[in-house]
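**Student:** Pasting a structure below so you can have a look.
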Amino acid sequence: MVTGAARGIGRGIAERMVGRGYAVVVTDVDGEAARRTASEIGAAVGLEQDVRDAAGHRFVATTAHDLGPLTAWFNNAGVGDDGRLADLADEQVRRLVEVNLLGCLWGMRAALDAFGPGGGDVVNIGSLSGLGPVPGYSAYAATKAAIVSATMSVAAEAPRRVRVHALCPDGVRTALLEGQDPEGLGAQLVHSGSRILTVDETADAAVALLGTRRVVRSLPGWRGGLVRTSTLAPSVTRHGTRLFAALGRRAIARRTRGGG
Ligand SMILES: NC(=O)c1ccc[n+]([C@@H]2O[C@H](COP(=O)([O-])OP(=O)(O)OC[C@H]3O[C@@H](n4cnc5c(N)ncnc54)[C@H](O)[C@@H]3O)[C@@H](O)[C@H]2O)c1
């Protein structure tokens with residue numbers, strides 16, 4: 001079961017799960033795109049699902065259960081509104097919390113309820129931004145920090161044979177990232193990293209968590225350590241931000257010139 005899987009990272013995960021022989025349920029708030037993706041990649045079914053609706057998760061779990069024992073559930077759906085908290089519209093803040101955080105919590109509850117005695121894996125798609133202060137992404141990053149927190153708690157609460165993981169990728173080349181303001185602080189900080197990740201390597205990392213005891217994995221690993229270090233002295237972030245934003249602006253300019 002993969003939410004938000006009509007495109008981007010979710011589609012990449014669903015493709016890999018089909019390749020591993022799973023009967024995959026692809027869901028997305030865009031039902032037509034979910035059905036199209038399901039048929040293109042050979043998934044069992046594509047369904048319309050808004051992850052903000054708790055009952056929708058239970059319905060999807062029942063559908064998945066009809067295909068066989070449910071053993072893997074990816075809470076991937078997300079929205080990526082960037083901007084300083086003061087500049088976002090109320091509706092954007094609400095949507096970020098409802099889709100990214102509530103959508104993940106409802107999904108975990110439905111999955112835990114639907115796993116059989118053999119257990120299973122829940123993989124939540126967090127973000128590197130959830131591991132430390134990220135000016136320009138404050139509301140988005142808060143939802144992702146909450147996902148990391150909930151993942152760690154639920155992993156410890158879960159019954160034996162149930163594993164709960166969070167993957168925290170740096171920027172990934174998808175429509176979500178492309179939709180952000182290139183002049184904005186958030187995009188500049190994302191581009192200050194080593195490079196933008198591909199959907200393939202991100203989806204590989206998500207699927208690789210299945211069956212492991214790893215609870216939180218950042219991608220790339222070294223960026224996770226760096227961001228976590230910044231939480232030790234958040235007051236320094238204000239100064240570091242200027243430096244990283246300048247690096248990001250340079251990387252964006254290089255990419256624009258190179259067309260890549
Ligand atoms: N792209 C990045 O740089 C990046 C980095 C780290 C984490 N992530 C996370 O990865 C996940 C996937 O993002 P992506 O980059 O593939 O983005 P994307 O925009 O390509 O895909 C997101 C999908 O989620 C769907 N969606 C949006 N709202 C929904 C809702 N209410 N219910 C169900 N589906 C909904 C969209 O229709 C879309 O198909 C998100 O949780 C995102 O926060 C992305």
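FYI, nothing fancy with the structure tokens labels: chains A, B, ... in order, residues from 1 per chain, ligands from 1 as they appear.
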Do you know which residues are at most 9 Å from stretch 58-66 of chain A counting only C-alpha atoms, after dropping those on the same chain fewer than 2 positions away, and could you put them as a ChimeraX atom specification?

**Tutor:** /A:1,23-25,27,45,47,49,54-56,68-70,106-107,109-111,113-115

**Student:** Once you count only C-alpha atoms and all ligand atoms, which residues end up within 6 Å of ligand 1, and could you hand them over as a PyMOL selection string?

**Tutor:** chain A and resi 4-10+28-30+49-52+76-80+99+125-127+169-177

**Student:** When you draw a straight line from atom CA of A:Gln188 to atom CA of A:Leu167, how long is it in Å?

**Tutor:**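 So the two atoms, atom CA of A:Gln188 and atom CA of A:Leu167, lie 22.0 Å apart.
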
**Student:** Within stretch 13-169 of chain A, find each residue whose DSSP state, derived from the backbone, is strand (DSSP E), and express the selection as an NGL selection string.

**Tutor:** :A and (25-28 or 45-48 or 72-75 or 120-125 or 162-169)

**Student:** Choose the residue, out of A:Met17, A:Leu131, A:Val154, A:Ala166, that has the smallest atom-to-atom separation from A:Ser230; count only C-alpha atoms.

**Tutor:**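 Looking only at the distances to A:Ser230, the closest residue turns out to be A:Leu131.
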
**Student:** To one decimal place, how far is atom CA of A:Arg20 from atom CA of A:Pro159 in Å?

**Tutor:**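 Those two atoms sit 25.3 Å apart.
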
**Student:** With only C-alpha atoms as the basis for distance, which of A:Cys168, A:Leu219, A:Ala44, A:Val190 is at the shortest distance from A:Val148?

**Tutor:**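 Of A:Cys168, A:Leu219, A:Ala44, A:Val190, the one nearest A:Val148 is A:Cys168, counting only C-alpha atoms.
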
**Student:** Counting only C-alpha atoms, what are the residues of stretch 133-179 of chain A within 9 Å of stretch 235-238 of chain A, and for each of them which pair of atoms is the nearest and at what distance in Å, to one decimal? Sort the table by chain and rising number, as a Markdown table.

**Tutor:**
| residue | atom | partner | partner_atom | distance |
| --- | --- | --- | --- | --- |
| A:Pro133 | CA | A:Thr237 | CA | 7.2 |
| A:Val134 | CA | A:Thr237 | CA | 8.5 |
| A:Pro135 | CA | A:Arg238 | CA | 8.5 |

**Student:** Do you have the atom CA of A:Ala38-atom CA of A:Arg11 distance handy?

**Tutor:**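 Distance reported for this atom pair: 8.8 Å.
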
**Student:** Got a sec to tell me which of stretch 99-217 of chain A DSSP assigns to helix (DSSP H, G or I), as a PyMOL selection string?

**Tutor:** chain A and resi 99-114+128-131+138-157+175-178+185-191+199-208

**Student:** Those same residues - C-alpha atoms - I'd like them written as an mmCIF file, in the first residue's frame.

**Tutor:**
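Result file follows (part-v9.cif):
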data_model
loop_
_atom_site.group_PDB
_atom_site.id
_atom_site.type_symbol
_atom_site.label_atom_id
_atom_site.label_comp_id
_atom_site.auth_asym_id
_atom_site.auth_seq_id
_atom_site.Cartn_x
_atom_site.Cartn_y
_atom_site.Cartn_z
ATOM 1 C CA VAL A 99 -1.830 16.095 4.734
ATOM 2 C CA ASN A 100 1.719 15.550 5.950
ATOM 3 C CA LEU A 101 1.183 14.860 9.632
ATOM 4 C CA LEU A 102 -2.421 13.751 10.125
ATOM 5 C CA GLY A 103 -2.263 11.755 6.880
ATOM 6 C CA CYS A 104 0.722 9.855 8.232
ATOM 7 C CA LEU A 105 -0.807 9.294 11.687
ATOM 8 C CA TRP A 106 -4.079 7.993 10.226
ATOM 9 C CA GLY A 107 -2.096 5.778 7.880
ATOM 10 C CA MET A 108 -0.019 4.290 10.690
ATOM 11 C CA ARG A 109 -3.137 3.564 12.721
ATOM 12 C CA ALA A 110 -4.847 1.833 9.800
ATOM 13 C CA ALA A 111 -1.731 -0.198 8.975
ATOM 14 C CA LEU A 112 -1.144 -1.341 12.559
ATOM 15 C CA ASP A 113 -4.760 -2.408 12.749
ATOM 16 C CA ALA A 114 -4.619 -4.265 9.434
ATOM 17 C CA LEU A 128 15.851 15.884 6.177
ATOM 18 C CA SER A 129 14.057 19.101 7.094
ATOM 19 C CA GLY A 130 12.460 17.203 9.987
ATOM 20 C CA LEU A 131 15.829 16.746 11.686
ATOM 21 C CA SER A 138 9.198 26.192 8.975
ATOM 22 C CA ALA A 139 5.664 24.745 8.684
ATOM 23 C CA TYR A 140 6.675 21.930 6.315
ATOM 24 C CA ALA A 141 9.700 21.050 8.475
ATOM 25 C CA ALA A 142 7.525 21.010 11.604
ATOM 26 C CA THR A 143 5.249 18.399 10.029
ATOM 27 C CA LYS A 144 8.266 16.299 9.069
ATOM 28 C CA ALA A 145 9.826 16.632 12.545
ATOM 29 C CA ALA A 146 6.533 15.395 13.961
ATOM 30 C CA ILE A 147 6.645 12.427 11.573
ATOM 31 C CA VAL A 148 10.131 11.524 12.805
ATOM 32 C CA SER A 149 8.958 11.846 16.413
ATOM 33 C CA ALA A 150 5.827 9.750 15.856
ATOM 34 C CA THR A 151 7.830 7.129 13.960
ATOM 35 C CA MET A 152 10.266 6.696 16.833
ATOM 36 C CA SER A 153 7.470 6.470 19.423
ATOM 37 C CA VAL A 154 5.261 4.120 17.419
ATOM 38 C CA ALA A 155 8.261 1.933 16.543
ATOM 39 C CA ALA A 156 8.748 1.426 20.271
ATOM 40 C CA GLU A 157 5.017 0.860 20.907
ATOM 41 C CA ALA A 175 7.130 18.055 -9.040
ATOM 42 C CA LEU A 176 7.002 18.976 -5.343
ATOM 43 C CA LEU A 177 10.479 20.507 -5.448
ATOM 44 C CA GLU A 178 10.012 22.023 -8.896
ATOM 45 C CA LEU A 185 14.946 30.781 1.127
ATOM 46 C CA GLY A 186 13.770 27.169 1.348
ATOM 47 C CA ALA A 187 14.784 26.270 -2.230
ATOM 48 C CA GLN A 188 18.138 27.997 -1.753
ATOM 49 C CA LEU A 189 18.879 25.915 1.343
ATOM 50 C CA VAL A 190 17.858 22.696 -0.433
ATOM 51 C CA HIS A 191 20.217 23.493 -3.312
ATOM 52 C CA VAL A 199 13.457 9.431 -7.388
ATOM 53 C CA ASP A 200 15.192 6.114 -8.091
ATOM 54 C CA GLU A 201 17.729 6.329 -5.281
ATOM 55 C CA THR A 202 15.113 7.659 -2.857
ATOM 56 C CA ALA A 203 12.605 4.918 -3.671
ATOM 57 C CA ASP A 204 15.394 2.310 -3.409
ATOM 58 C CA ALA A 205 16.250 3.588 0.083
ATOM 59 C CA ALA A 206 12.592 3.495 1.170
ATOM 60 C CA VAL A 207 12.089 -0.094 0.003
ATOM 61 C CA ALA A 208 15.427 -1.155 1.504
#
